[in-house]
$ cat model.pdb   # PDB, C-alpha atoms
ATOM      1  CA  MET N  29      92.764  71.471  82.488
ATOM      2  CA  PRO N  30      94.799  68.269  82.120
ATOM      3  CA  SER N  31      94.465  65.774  84.992
ATOM      4  CA  ARG N  32      98.195  65.941  85.722
ATOM      5  CA  THR N  33      97.927  69.690  86.389
ATOM      6  CA  GLY N  34      94.724  69.243  88.397
ATOM      7  CA  ALA N  35      96.380  66.711  90.693
ATOM      8  CA  ALA N  36      99.252  69.073  91.312
ATOM      9  CA  LEU N  37      96.848  71.908  92.062
ATOM     10  CA  ARG N  38      95.004  69.842  94.660
ATOM     11  CA  ALA N  39      98.328  69.247  96.372
ATOM     12  CA  CYS N  40      98.755  72.983  96.936
ATOM     13  CA  ALA N  41      97.649  74.529 100.207
ATOM     14  CA  ALA N  42      93.941  75.289 100.347
ATOM     15  CA  ALA N  43      94.726  78.920 101.056
ATOM     16  CA  LEU N  44      96.406  79.341  97.659
ATOM     17  CA  THR N  45      94.467  80.535  94.656
ATOM     18  CA  VAL N  46      96.050  78.966  91.534
ATOM     19  CA  ALA N  47      95.391  80.521  88.121
ATOM     20  CA  ALA N  48      96.234  78.168  85.252
ATOM     21  CA  ALA N  49      96.432  80.920  82.671
ATOM     22  CA  PRO N  50      98.198  79.959  79.410
ATOM     23  CA  LEU N  51     101.655  81.450  79.252
ATOM     24  CA  GLY N  52     102.514  80.890  75.588
ATOM     25  CA  VAL N  53     105.354  78.890  74.136
ATOM     26  CA  VAL N  54     108.577  78.856  76.129
ATOM     27  CA  ALA N  55     111.299  80.192  73.837
ATOM     28  CA  THR N  56     114.241  78.904  75.888
ATOM     29  CA  PRO N  57     114.854  75.445  77.388
ATOM     30  CA  ALA N  58     114.241  74.840  81.085
ATOM     31  CA  ALA N  59     117.993  74.483  81.655
ATOM     32  CA  ALA N  60     118.663  78.071  80.503
ATOM     33  CA  ALA N  61     120.387  80.423  82.935
ATOM     34  CA  GLY N  62     118.093  82.108  85.460
ATOM     35  CA  PRO N  63     115.020  80.867  87.351
ATOM     36  CA  GLY N  64     112.063  79.410  85.504
ATOM     37  CA  TRP N  65     109.674  81.402  87.684
ATOM     38  CA  SER N  66     108.971  85.011  88.599
ATOM     39  CA  ALA N  67     107.120  86.914  91.317
ATOM     40  CA  ALA N  68     105.053  90.119  91.223
ATOM     41  CA  PRO N  69     102.045  91.732  92.883
ATOM     42  CA  ALA N  70      98.841  89.937  91.934
ATOM     43  CA  PRO N  71      96.904  91.640  89.140
ATOM     44  CA  GLY N  72      95.321  94.887  90.229
ATOM     45  CA  ALA N  73      93.705  96.777  87.361
ATOM     46  CA  GLY N  74      95.428  94.682  84.701
ATOM     47  CA  SER N  75      94.910  91.088  83.623
ATOM     48  CA  ALA N  76      98.371  89.787  84.482
ATOM     49  CA  PRO N  77     100.945  90.620  87.150
ATOM     50  CA  GLY N  78     103.809  92.803  86.056
ATOM     51  CA  ALA N  79     105.445  96.215  86.248
ATOM     52  CA  ALA N  80     102.903  97.690  83.820
ATOM     53  CA  ASP N  81     100.130  96.872  86.305
ATOM     54  CA  ARG N  82     101.687  97.197  89.773
ATOM     55  CA  PRO N  83     105.496  97.619  89.924
ATOM     56  CA  TYR N  84     105.432  97.103  93.703
ATOM     57  CA  PHE N  85     103.016  96.674  96.607
ATOM     58  CA  TYR N  86     101.538  99.821  98.120
ATOM     59  CA  LEU N  87      99.431  99.399 101.271
ATOM     60  CA  GLU N  88      98.005 102.037 103.583
ATOM     61  CA  GLY N  89      96.160 101.893 106.894
ATOM     62  CA  ARG N  90      95.921 103.184 110.423
ATOM     63  CA  PRO N  91      97.829 101.671 113.374
ATOM     64  CA  GLY N  92      96.249  98.423 114.563
ATOM     65  CA  THR N  93      94.676  97.486 111.221
ATOM     66  CA  VAL N  94      95.321  94.370 109.122
ATOM     67  CA  LEU N  95      96.054  94.912 105.422
ATOM     68  CA  ARG N  96      95.556  92.161 102.836
ATOM     69  CA  ASP N  97      96.972  91.500  99.384
ATOM     70  CA  LYS N  98      98.249  88.669  97.155
ATOM     71  CA  LEU N  99     101.634  87.743  95.700
ATOM     72  CA  SER N 100     101.628  86.072  92.279
ATOM     73  CA  VAL N 101     104.274  83.438  91.542
ATOM     74  CA  THR N 102     104.379  82.441  87.873
ATOM     75  CA  ASN N 103     106.016  79.189  86.769
ATOM     76  CA  LYS N 104     107.215  79.465  83.172
ATOM     77  CA  ASP N 105     108.904  76.072  83.228
ATOM     78  CA  GLN N 106     107.822  72.705  81.923
ATOM     79  CA  ARG N 107     108.251  71.280  85.435
ATOM     80  CA  PRO N 108     106.798  72.205  88.862
ATOM     81  CA  HIS N 109     108.648  74.348  91.386
ATOM     82  CA  THR N 110     108.384  74.442  95.168
ATOM     83  CA  LEU N 111     109.269  77.885  96.486
ATOM     84  CA  ARG N 112     109.690  79.454  99.925
ATOM     85  CA  LEU N 113     108.165  82.798 100.942
ATOM     86  CA  ARG N 114     109.156  85.281 103.626
ATOM     87  CA  GLY N 115     109.063  88.960 104.515
ATOM     88  CA  GLU N 116     112.195  91.074 104.658
ATOM     89  CA  GLY N 117     113.127  94.493 105.974
ATOM     90  CA  ALA N 118     112.567  96.364 109.194
ATOM     91  CA  GLU N 119     108.838  95.542 109.062
ATOM     92  CA  GLY N 120     109.248  91.997 107.728
ATOM     93  CA  THR N 121     107.807  90.535 110.934
ATOM     94  CA  TRP N 122     104.513  92.288 110.200
ATOM     95  CA  ILE N 123     104.015  90.111 107.099
ATOM     96  CA  ALA N 124     102.251  86.740 107.363
ATOM     97  CA  PHE N 125     101.667  84.428 104.373
ATOM     98  CA  SER N 126      98.818  81.943 104.108
ATOM     99  CA  ALA N 127     101.579  79.358 103.503
ATOM    100  CA  ARG N 128     105.356  79.556 103.866
ATOM    101  CA  THR N 129     105.906  77.374 100.810
ATOM    102  CA  VAL N 130     104.034  77.103  97.539
ATOM    103  CA  SER N 131     104.177  74.337  94.928
ATOM    104  CA  VAL N 132     103.460  75.774  91.494
ATOM    105  CA  PRO N 133     102.710  73.285  88.681
ATOM    106  CA  ALA N 134     104.320  73.652  85.264
ATOM    107  CA  ARG N 135     103.207  76.715  83.287
ATOM    108  CA  THR N 136     100.836  77.888  86.009
ATOM    109  CA  ARG N 137     100.462  80.911  88.287
ATOM    110  CA  ALA N 138      99.786  80.719  92.026
ATOM    111  CA  ASP N 139      98.328  83.715  93.906
ATOM    112  CA  VAL N 140      99.410  83.564  97.552
ATOM    113  CA  PRO N 141      97.406  85.681 100.048
ATOM    114  CA  PHE N 142      99.288  87.524 102.775
ATOM    115  CA  THR N 143      98.519  90.030 105.511
ATOM    116  CA  VAL N 144     100.390  92.970 106.983
ATOM    117  CA  THR N 145      99.433  93.672 110.606
ATOM    118  CA  LEU N 146     100.206  97.233 111.665
ATOM    119  CA  PRO N 147     101.028  97.418 115.395
ATOM    120  CA  PRO N 148      98.691  99.611 117.473
ATOM    121  CA  ASP N 149     101.648 101.774 118.548
ATOM    122  CA  ALA N 150     103.147 102.157 115.042
ATOM    123  CA  ALA N 151     104.160 105.741 114.356
ATOM    124  CA  PRO N 152     102.506 107.366 111.332
ATOM    125  CA  GLY N 153     104.646 107.674 108.260
ATOM    126  CA  ASP N 154     106.229 105.612 105.489
ATOM    127  CA  ARG N 155     107.811 102.182 105.830
ATOM    128  CA  SER N 156     109.423  99.835 103.347
ATOM    129  CA  GLY N 157     110.027  96.133 103.036
ATOM    130  CA  ALA N 158     109.965  93.267 100.553
ATOM    131  CA  LEU N 159     108.345  89.923  99.875
ATOM    132  CA  VAL N 160     111.102  87.442  99.074
ATOM    133  CA  VAL N 161     110.735  84.217  97.073
ATOM    134  CA  THR N 162     113.547  81.635  97.019
ATOM    135  CA  GLY N 163     113.972  78.283  95.332
ATOM    136  CA  ASP N 164     116.209  76.271  93.005
ATOM    137  CA  GLY N 165     119.196  78.353  94.088
ATOM    138  CA  HIS N 166     117.558  81.629  93.062
ATOM    139  CA  ARG N 167     116.104  84.526  95.014
ATOM    140  CA  THR N 168     113.830  87.361  93.959
ATOM    141  CA  GLY N 169     112.143  90.129  95.920
ATOM    142  CA  VAL N 170     109.098  92.297  95.343
ATOM    143  CA  ARG N 171     109.223  95.724  96.974
ATOM    144  CA  MET N 172     106.509  96.799  99.387
ATOM    145  CA  ARG N 173     105.764 100.324 100.529
ATOM    146  CA  LEU N 174     103.593 100.951 103.583
ATOM    147  CA  ARG N 175     101.989 104.175 104.662
ATOM    148  CA  ILE N 176     100.693 104.320 108.217
ATOM    149  CA  SER N 177      97.960 106.935 108.384
ATOM    150  CA  GLY N 178      98.083 109.738 110.907
ATOM    151  CA  ALA N 179      99.921 112.972 111.531
ATOM    152  CA  THR N 180     103.286 113.018 109.755
ATOM    153  CA  LEU N 181     106.442 114.890 110.654
ATOM    154  CA  SER N 182     109.051 115.897 108.083
ATOM    155  CA  ALA N 183     112.352 116.763 109.747
ATOM    156  CA  LEU N 184     116.025 116.227 108.956
ATOM    157  CA  SER N 185     119.507 117.277 109.978
ATOM    158  CA  VAL N 186     122.860 117.635 108.222
ATOM    159  CA  GLU N 187     125.763 116.208 110.220
ATOM    160  CA  ASP N 188     129.461 115.277 110.012
ATOM    161  CA  LEU N 189     130.200 117.914 107.363
ATOM    162  CA  ARG N 190     133.845 118.122 106.320
ATOM    163  CA  VAL N 191     135.798 119.104 103.205
ATOM    164  CA  VAL N 192     138.906 117.123 102.244
ATOM    165  CA  ARG N 193     141.440 117.337  99.448
ATOM    166  CA  THR N 194     141.235 114.588  96.836
ATOM    167  CA  GLY N 195     144.553 115.120  95.060
ATOM    168  CA  ASP N 196     147.357 117.527  94.193
ATOM    169  CA  GLY N 197     145.301 119.078  91.393
ATOM    170  CA  GLY N 198     143.242 121.143  93.799
ATOM    171  CA  GLY N 199     140.154 118.946  93.815
ATOM    172  CA  ALA N 200     138.149 118.438  96.990
ATOM    173  CA  ALA N 201     135.237 116.372  98.276
ATOM    174  CA  ILE N 202     132.441 117.625 100.515
ATOM    175  CA  ARG N 203     131.389 114.770 102.784
ATOM    176  CA  TYR N 204     128.306 114.860 104.985
ATOM    177  CA  ALA N 205     125.379 112.842 106.357
ATOM    178  CA  VAL N 206     121.640 113.453 106.061
ATOM    179  CA  VAL N 207     119.590 112.120 108.999
ATOM    180  CA  ASN N 208     115.820 111.704 108.767
ATOM    181  CA  ARG N 209     114.459 112.942 112.104
ATOM    182  CA  GLY N 210     110.782 112.579 111.140
ATOM    183  CA  ASN N 211     108.392 109.715 110.487
ATOM    184  CA  THR N 212     108.018 109.931 106.714
ATOM    185  CA  ALA N 213     110.485 108.985 103.964
ATOM    186  CA  LEU N 214     112.319 111.985 102.536
ATOM    187  CA  THR N 215     113.908 112.702  99.169
ATOM    188  CA  PRO N 216     116.375 115.514  99.954
ATOM    189  CA  ARG N 217     117.323 118.506  97.826
ATOM    190  CA  LEU N 218     120.825 119.973  98.202
ATOM    191  CA  ALA N 219     122.168 123.496  97.646
ATOM    192  CA  VAL N 220     125.868 124.323  98.094
ATOM    193  CA  ARG N 221     127.709 127.608  98.473
ATOM    194  CA  ALA N 222     131.286 128.419  99.377
ATOM    195  CA  ASP N 223     132.908 131.802 100.014
ATOM    196  CA  GLY N 224     136.635 132.453 100.120
ATOM    197  CA  LEU N 225     138.742 135.420 101.195
ATOM    198  CA  PHE N 226     137.928 137.301  98.000
ATOM    199  CA  GLY N 227     134.291 136.318  97.466
ATOM    200  CA  ALA N 228     132.178 133.457  96.123
ATOM    201  CA  VAL N 229     134.037 130.372  94.849
ATOM    202  CA  LEU N 230     131.131 127.921  94.521
ATOM    203  CA  ARG N 231     127.388 128.222  93.888
ATOM    204  CA  ARG N 232     125.192 125.165  93.236
ATOM    205  CA  ASP N 233     121.449 125.662  93.127
ATOM    206  CA  ALA N 234     119.170 123.213  94.915
ATOM    207  CA  ARG N 235     118.773 119.884  93.122
ATOM    208  CA  THR N 236     117.104 116.612  94.043
ATOM    209  CA  LEU N 237     119.521 113.933  95.242
ATOM    210  CA  PRO N 238     119.141 110.377  93.872
ATOM    211  CA  VAL N 239     118.466 108.893  97.299
ATOM    212  CA  GLN N 240     115.530 108.339  99.634
ATOM    213  CA  VAL N 241     116.098 108.481 103.383
ATOM    214  CA  PRO N 242     113.713 106.304 105.451
ATOM    215  CA  PRO N 243     112.507 107.555 108.854
ATOM    216  CA  GLY N 244     115.212 107.387 111.503
ATOM    217  CA  LYS N 245     117.944 106.506 109.015
ATOM    218  CA  ARG N 246     121.284 108.183 108.251
ATOM    219  CA  VAL N 247     122.682 108.360 104.712
ATOM    220  CA  ARG N 248     126.288 109.394 104.076
ATOM    221  CA  LEU N 249     126.861 111.375 100.875
ATOM    222  CA  THR N 250     129.741 112.996  98.987
ATOM    223  CA  GLU N 251     129.625 116.110  96.805
ATOM    224  CA  ARG N 252     132.494 116.302  94.330
ATOM    225  CA  TRP N 253     134.283 119.657  93.939
ATOM    226  CA  PRO N 254     136.880 119.181  91.176
ATOM    227  CA  ASP N 255     137.676 122.905  90.743
ATOM    228  CA  ALA N 256     138.130 123.738  94.420
ATOM    229  CA  PRO N 257     140.633 126.591  94.989
ATOM    230  CA  ALA N 258     144.237 125.573  95.498
ATOM    231  CA  LEU N 259     145.011 128.460  97.876
ATOM    232  CA  ASP N 260     142.242 130.002  99.961
ATOM    233  CA  ALA N 261     140.370 129.868 103.253
ATOM    234  CA  VAL N 262     136.799 128.873 102.388
ATOM    235  CA  ASP N 263     133.543 128.706 104.323
ATOM    236  CA  VAL N 264     131.342 125.923 102.876
ATOM    237  CA  ARG N 265     127.608 125.853 103.610
ATOM    238  CA  LEU N 266     125.136 123.086 102.725
ATOM    239  CA  THR N 267     121.371 123.601 102.749
ATOM    240  CA  VAL N 268     119.163 120.494 102.560
ATOM    241  CA  THR N 269     115.382 120.591 102.128
ATOM    242  CA  ALA N 270     112.665 117.980 101.569
ATOM    243  CA  GLY N 271     108.903 117.690 101.247
ATOM    244  CA  GLY N 272     106.718 118.659 104.161
ATOM    245  CA  GLY N 273     108.842 121.683 105.060
ATOM    246  CA  ALA N 274     111.958 119.807 106.199
ATOM    247  CA  HIS N 275     114.975 122.129 106.239
ATOM    248  CA  ALA N 276     118.496 121.961 107.657
ATOM    249  CA  ALA N 277     121.889 123.553 107.068
ATOM    250  CA  ALA N 278     125.493 123.021 108.136
ATOM    251  CA  SER N 279     128.805 124.847 107.629
ATOM    252  CA  ALA N 280     132.473 123.930 107.651
ATOM    253  CA  THR N 281     135.782 125.705 107.023
ATOM    254  CA  TYR N 282     138.209 124.492 104.387
ATOM    255  CA  THR N 283     141.769 125.820 104.177
ATOM    256  CA  ALA N 284     143.273 125.055 100.791
ATOM    257  CA  ALA N 285     147.017 125.255 100.121
ATOM    258  CA  PRO N 286     149.291 123.579  97.518
ATOM    259  CA  GLY N 287     151.580 120.798  98.680
ATOM    260  CA  TRP N 288     154.794 122.771  98.202
ATOM    261  CA  LEU N 289     153.490 125.579 100.375
ATOM    262  CA  LEU N 290     152.531 123.190 103.148
ATOM    263  CA  ALA N 291     155.985 121.573 102.955
ATOM    264  CA  ALA N 292     157.675 124.976 103.077
ATOM    265  CA  ALA N 293     155.569 126.018 106.042
ATOM    266  CA  ALA N 294     156.416 122.786 107.829
ATOM    267  CA  GLY N 295     160.108 123.306 107.111
ATOM    268  CA  THR N 296     159.954 126.867 108.404
ATOM    269  CA  ALA N 297     158.209 125.712 111.554
ATOM    270  CA  LEU N 298     160.808 123.010 112.148
ATOM    271  CA  GLY N 299     163.622 125.488 111.519
ATOM    272  CA  ALA N 300     162.116 127.965 113.935
ATOM    273  CA  ALA N 301     161.717 125.248 116.549
ATOM    274  CA  GLY N 302     165.306 124.127 116.039
ATOM    275  CA  GLY N 303     166.594 127.687 116.220
ATOM    276  CA  GLY N 304     164.673 128.307 119.405
ATOM    277  CA  THR N 305     166.126 125.185 120.970
ATOM    278  CA  TRP N 306     169.679 126.238 120.022
ATOM    279  CA  LEU N 307     169.118 129.726 121.457
ATOM    280  CA  VAL N 308     167.809 128.341 124.754
ATOM    281  CA  ARG N 309     170.770 125.992 125.074
ATOM    282  CA  ARG N 310     173.227 128.821 124.292
ATOM    283  CA  ARG N 311     171.710 131.085 126.934
ATOM    284  CA  THR N 312     171.810 128.248 129.468
ATOM    285  CA  ARG N 313     175.522 127.650 128.828
ATOM    286  CA  THR N 314     176.241 131.369 129.135
ATOM    287  CA  ARG N 315     174.498 131.585 132.518
ATOM    288  CA  ARG N 316     176.420 128.541 133.767
ATOM    289  CA  ARG N 317     179.760 130.103 132.766
ATOM    290  CA  SER N 318     178.812 133.365 134.464
ATOM    291  CA  ARG N 319     177.966 131.561 137.699
ATOM    292  CA  MET N 320     181.205 129.585 137.566
ATOM    293  CA  ASP N 321     183.274 132.734 136.892
ATOM    294  CA  GLY N 322     181.621 134.484 139.820
ATOM    295  CA  THR N 323     182.325 131.571 142.147
ATOM    296  CA  GLU N 324     185.999 131.433 141.199
ATOM    297  CA  SER N 325     186.416 135.177 141.679
ATOM    298  CA  GLY N 326     184.874 134.982 145.127
ATOM    299  CA  ALA N 327     187.177 132.125 146.103
ATOM    300  CA  SER N 328     190.275 134.064 145.031
ATOM    301  CA  ALA N 329     189.230 137.059 147.053
TER
END

$ encode --input "model.pdb" --output "structure tokens"
Amino acid sequence: MPSRTGAALRACAAALTVAAAPLGVVATPAAAAGPGWSAAPAPGAGSAPGAADRPYFYLEGRPGTVLRDKLSVTNKDQRPHTLRLRGEGAEGTWIAFSARTVSVPARTRADVPFTVTLPPDAAPGDRSGALVVTGDGHRTGVRMRLRISGATLSALSVEDLRVVRTGDGGGAAIRYAVVNRGNTALTPRLAVRADGLFGAVLRRDARTLPVQVPPGKRVRLTERWPDAPALDAVDVRLTVTAGGGAHAAASATYTAAPGWLLAAAAGTALGAAGGGTWLVRRRTRTRRRSRMDGTESGASA
């Protein structure tokens, strides 16, 4: 290894393991857009870090244990980079690096050890976080998934269900929230049915939603219903399931009516209210005249 690179390596923290693996010829100049470095989990089964080897960190242990791994930072530039490291996410404080900064010589890879300390009282289940690297005005993160061993609970609820019109064409939107009441991440499956005055108006078999709900989190979702009836009283029912036996359902009533009918109904109601007011006033005036006529007759007598 050239002496210039060796001197730079000695300047790195002793806790860092630096691999000066050849990276090939750089096809773009150092001034090209984007950072001249990248970050990934250190090589697992493969020979180089990357999505083909480990697309993200996956660590598992019981409460109170300390988990260990390494983050690889690869410098593809012709110049050194000094980068900052930190944990991010709800469990970011559990992450501790061997060094908060790393100086990576040109065209070299540095493997930075880190630990994840699981609290003794951590509830079993899945957690998520990220290892974040920043420098030279750029930021990149490497996802980390944690599984805390122990008994798991899969539970969810469906809340805040309502159906609203989305336009004059009869379309509607079914809005709701899925809440993870357990201690393991859930990927929900949704089934929808709606029944009107004259029978079924919507049937959607269970399908997997493109969302993952972490433990204790609430995710708001919308189900589009472009062919919702324009005139009907509909009962809408959502059924949500997930792995581990999680199951929940919720219902809501949707009364659909075209705009002209609503306007006519409002006009009729206003007319009826106005007519009632006129009738009350007329009866009041009639009673007053009757009392006055009776008083005058009595005075004449």

$ resolve_selection --input "model.pdb" --expression "the PyMOL selection byres ((chain N and resi 99) around 10)" --output "list in words"
Ala67, Ala68, Pro69, Ala70, Pro71, Pro77, Phe85, Asp97, Lys98, Ser100, Val101, Thr102, Leu113, Phe125, Ala138, Asp139, Val140, Pro141, Phe142, Leu159, Val161 and Val170 of chain N

$ residues_near_point --input "model.pdb" --point "(113.7, 75.5, 92.1)" --cutoff "7 Å" --atoms "only C-alpha atoms" --output "list in words"
His109, Thr110, Leu111, Gly163, Asp164 and Gly165 of chain N

$ resolve_selection --input "model.pdb" --expression "the PyMOL selection byres ((chain N and resi 84) around 6)" --output "PDB file with C-alpha atoms, in the frame of the given file"
ATOM      1  CA  ARG N  82     101.687  97.197  89.773  1.00  0.00           C
ATOM      2  CA  PRO N  83     105.496  97.619  89.924  1.00  0.00           C
ATOM      3  CA  PHE N  85     103.016  96.674  96.607  1.00  0.00           C
ATOM      4  CA  ARG N 171     109.223  95.724  96.974  1.00  0.00           C
ATOM      5  CA  MET N 172     106.509  96.799  99.387  1.00  0.00           C
TER       6      MET N 172
END

$ axis_aligned_box --input "model.pdb" --around "segment 133-146 of chain N" --padding-each-side "4 Å" --output "AutoDock Vina command-line options"
--center_x 100.9 --center_y 85.3 --center_z 97.5 --size_x 14.9 --size_y 31.9 --size_z 36.4

$ resolve_selection --input "model.pdb" --expression "the PyMOL selection byres ((chain N and resi 194) around 12)" --output "list in words"
Val191, Val192, Arg193, Gly195, Asp196, Gly197, Gly198, Gly199, Ala200, Ala201, Ile202, Arg203, Thr250, Glu251, Arg252, Trp253, Pro254, Asp255, Ala256, Ala258 and Ala284 of chain N

$ closest_residue --input "model.pdb" --among "N:Val206, N:Ala127, N:Leu174, N:Ala234" --to "Leu95 of chain N" --atoms "only C-alpha atoms"
N:Leu174

$ residues_around --input "model.pdb" --residues "segment 212-217 of chain N" --least-positions-apart "4" --cutoff "12 Å" --atoms "all atoms listed in the file" --output "count of residues only"
53

$ atom_distance --input "model.pdb" --atom1 "atom CA of Thr145 of chain N" --atom2 "atom CA of Trp122 of chain N"
5.3 Å

$ atom_distance --input "model.pdb" --atom1 "atom CA of Arg114 of chain N" --atom2 "atom CA of Val160 of chain N"
5.4 Å

$ closest_residue --input "model.pdb" --among "N:Ala280, N:Ala124, N:Leu259, N:Leu230" --to "Arg190 of chain N" --atoms "all atoms listed in the file"
N:Ala280

$ closest_residue --input "model.pdb" --among "N:Arg167, N:Arg107, N:Pro257, N:Pro147" --to "Gly89 of chain N" --atoms "all atoms listed in the file"
N:Pro147

$ closest_residue --input "model.pdb" --among "N:Val229, N:Gly72, N:Ser66, N:Val144" --to "Leu87 of chain N" --atoms "only C-alpha atoms"
N:Val144

$ atom_distance --input "model.pdb" --atom1 "atom CA of Val130 of chain N" --atom2 "atom CA of Arg112 of chain N"
6.6 Å

$ decode --input "model.pdb" --residues "segment 179-197 of chain N" --atoms "N, CA, C and O atoms" --output "PDB file, in the first residue's frame"
ATOM      1  N   ALA N 179     -41.968 -13.718  23.786  1.00  0.00           N
ATOM      2  CA  ALA N 179     -43.346 -13.907  23.340  1.00  0.00           C
ATOM      3  C   ALA N 179     -43.818 -12.679  22.572  1.00  0.00           C
ATOM      4  O   ALA N 179     -43.626 -11.541  23.009  1.00  0.00           O
ATOM      5  N   THR N 180     -44.423 -12.894  21.418  1.00  0.00           N
ATOM      6  CA  THR N 180     -44.914 -11.791  20.595  1.00  0.00           C
ATOM      7  C   THR N 180     -46.440 -11.758  20.626  1.00  0.00           C
ATOM      8  O   THR N 180     -47.099 -12.779  20.826  1.00  0.00           O
ATOM      9  N   LEU N 181     -46.961 -10.579  20.399  1.00  0.00           N
ATOM     10  CA  LEU N 181     -48.407 -10.372  20.365  1.00  0.00           C
ATOM     11  C   LEU N 181     -48.755  -9.636  19.085  1.00  0.00           C
ATOM     12  O   LEU N 181     -48.236  -8.547  18.827  1.00  0.00           O
ATOM     13  N   SER N 182     -49.622 -10.237  18.282  1.00  0.00           N
ATOM     14  CA  SER N 182     -50.110  -9.595  17.059  1.00  0.00           C
ATOM     15  C   SER N 182     -51.542  -9.135  17.307  1.00  0.00           C
ATOM     16  O   SER N 182     -52.437  -9.965  17.516  1.00  0.00           O
ATOM     17  N   ALA N 183     -51.747  -7.836  17.311  1.00  0.00           N
ATOM     18  CA  ALA N 183     -53.075  -7.276  17.556  1.00  0.00           C
ATOM     19  C   ALA N 183     -53.176  -5.931  16.856  1.00  0.00           C
ATOM     20  O   ALA N 183     -52.190  -5.200  16.769  1.00  0.00           O
ATOM     21  N   LEU N 184     -54.370  -5.624  16.351  1.00  0.00           N
ATOM     22  CA  LEU N 184     -54.590  -4.350  15.674  1.00  0.00           C
ATOM     23  C   LEU N 184     -56.032  -3.925  15.839  1.00  0.00           C
ATOM     24  O   LEU N 184     -56.889  -4.693  16.272  1.00  0.00           O
ATOM     25  N   SER N 185     -56.297  -2.684  15.497  1.00  0.00           N
ATOM     26  CA  SER N 185     -57.656  -2.150  15.497  1.00  0.00           C
ATOM     27  C   SER N 185     -57.844  -1.253  14.287  1.00  0.00           C
ATOM     28  O   SER N 185     -56.878  -0.709  13.744  1.00  0.00           O
ATOM     29  N   VAL N 186     -59.098  -1.121  13.858  1.00  0.00           N
ATOM     30  CA  VAL N 186     -59.466  -0.230  12.760  1.00  0.00           C
ATOM     31  C   VAL N 186     -60.290   0.897  13.354  1.00  0.00           C
ATOM     32  O   VAL N 186     -61.313   0.649  14.005  1.00  0.00           O
ATOM     33  N   GLU N 187     -59.852   2.135  13.152  1.00  0.00           N
ATOM     34  CA  GLU N 187     -60.481   3.282  13.805  1.00  0.00           C
ATOM     35  C   GLU N 187     -60.733   4.413  12.812  1.00  0.00           C
ATOM     36  O   GLU N 187     -60.202   4.412  11.696  1.00  0.00           O
ATOM     37  N   ASP N 188     -61.563   5.361  13.240  1.00  0.00           N
ATOM     38  CA  ASP N 188     -61.836   6.600  12.487  1.00  0.00           C
ATOM     39  C   ASP N 188     -62.353   6.310  11.081  1.00  0.00           C
ATOM     40  O   ASP N 188     -62.016   7.014  10.128  1.00  0.00           O
ATOM     41  N   LEU N 189     -63.177   5.289  10.936  1.00  0.00           N
ATOM     42  CA  LEU N 189     -63.720   4.942   9.620  1.00  0.00           C
ATOM     43  C   LEU N 189     -64.814   5.926   9.220  1.00  0.00           C
ATOM     44  O   LEU N 189     -65.738   6.185   9.980  1.00  0.00           O
ATOM     45  N   ARG N 190     -64.693   6.474   8.024  1.00  0.00           N
ATOM     46  CA  ARG N 190     -65.744   7.331   7.474  1.00  0.00           C
ATOM     47  C   ARG N 190     -65.679   7.290   5.951  1.00  0.00           C
ATOM     48  O   ARG N 190     -64.613   7.053   5.363  1.00  0.00           O
ATOM     49  N   VAL N 191     -66.819   7.515   5.320  1.00  0.00           N
ATOM     50  CA  VAL N 191     -66.922   7.510   3.859  1.00  0.00           C
ATOM     51  C   VAL N 191     -67.369   8.896   3.428  1.00  0.00           C
ATOM     52  O   VAL N 191     -68.375   9.417   3.924  1.00  0.00           O
ATOM     53  N   VAL N 192     -66.644   9.501   2.505  1.00  0.00           N
ATOM     54  CA  VAL N 192     -66.940  10.868   2.062  1.00  0.00           C
ATOM     55  C   VAL N 192     -67.013  10.908   0.546  1.00  0.00           C
ATOM     56  O   VAL N 192     -66.339  10.140  -0.148  1.00  0.00           O
ATOM     57  N   ARG N 193     -67.847  11.818   0.048  1.00  0.00           N
ATOM     58  CA  ARG N 193     -67.926  12.031  -1.397  1.00  0.00           C
ATOM     59  C   ARG N 193     -66.670  12.727  -1.887  1.00  0.00           C
ATOM     60  O   ARG N 193     -66.098  13.573  -1.199  1.00  0.00           O
ATOM     61  N   THR N 194     -66.250  12.382  -3.108  1.00  0.00           N
ATOM     62  CA  THR N 194     -65.052  13.004  -3.679  1.00  0.00           C
ATOM     63  C   THR N 194     -65.364  13.868  -4.885  1.00  0.00           C
ATOM     64  O   THR N 194     -64.475  14.451  -5.475  1.00  0.00           O
ATOM     65  N   GLY N 195     -66.620  13.967  -5.280  1.00  0.00           N
ATOM     66  CA  GLY N 195     -66.973  14.785  -6.434  1.00  0.00           C
ATOM     67  C   GLY N 195     -68.421  14.566  -6.819  1.00  0.00           C
ATOM     68  O   GLY N 195     -69.126  13.726  -6.247  1.00  0.00           O
ATOM     69  N   ASP N 196     -68.885  15.326  -7.810  1.00  0.00           N
ATOM     70  CA  ASP N 196     -70.277  15.218  -8.250  1.00  0.00           C
ATOM     71  C   ASP N 196     -70.532  13.975  -9.084  1.00  0.00           C
ATOM     72  O   ASP N 196     -71.676  13.648  -9.386  1.00  0.00           O
ATOM     73  N   GLY N 197     -69.476  13.268  -9.489  1.00  0.00           N
ATOM     74  CA  GLY N 197     -69.663  12.091 -10.329  1.00  0.00           C
ATOM     75  C   GLY N 197     -70.061  10.849  -9.564  1.00  0.00           C
ATOM     76  O   GLY N 197     -70.186   9.771 -10.161  1.00  0.00           O
TER      77      GLY N 197
END
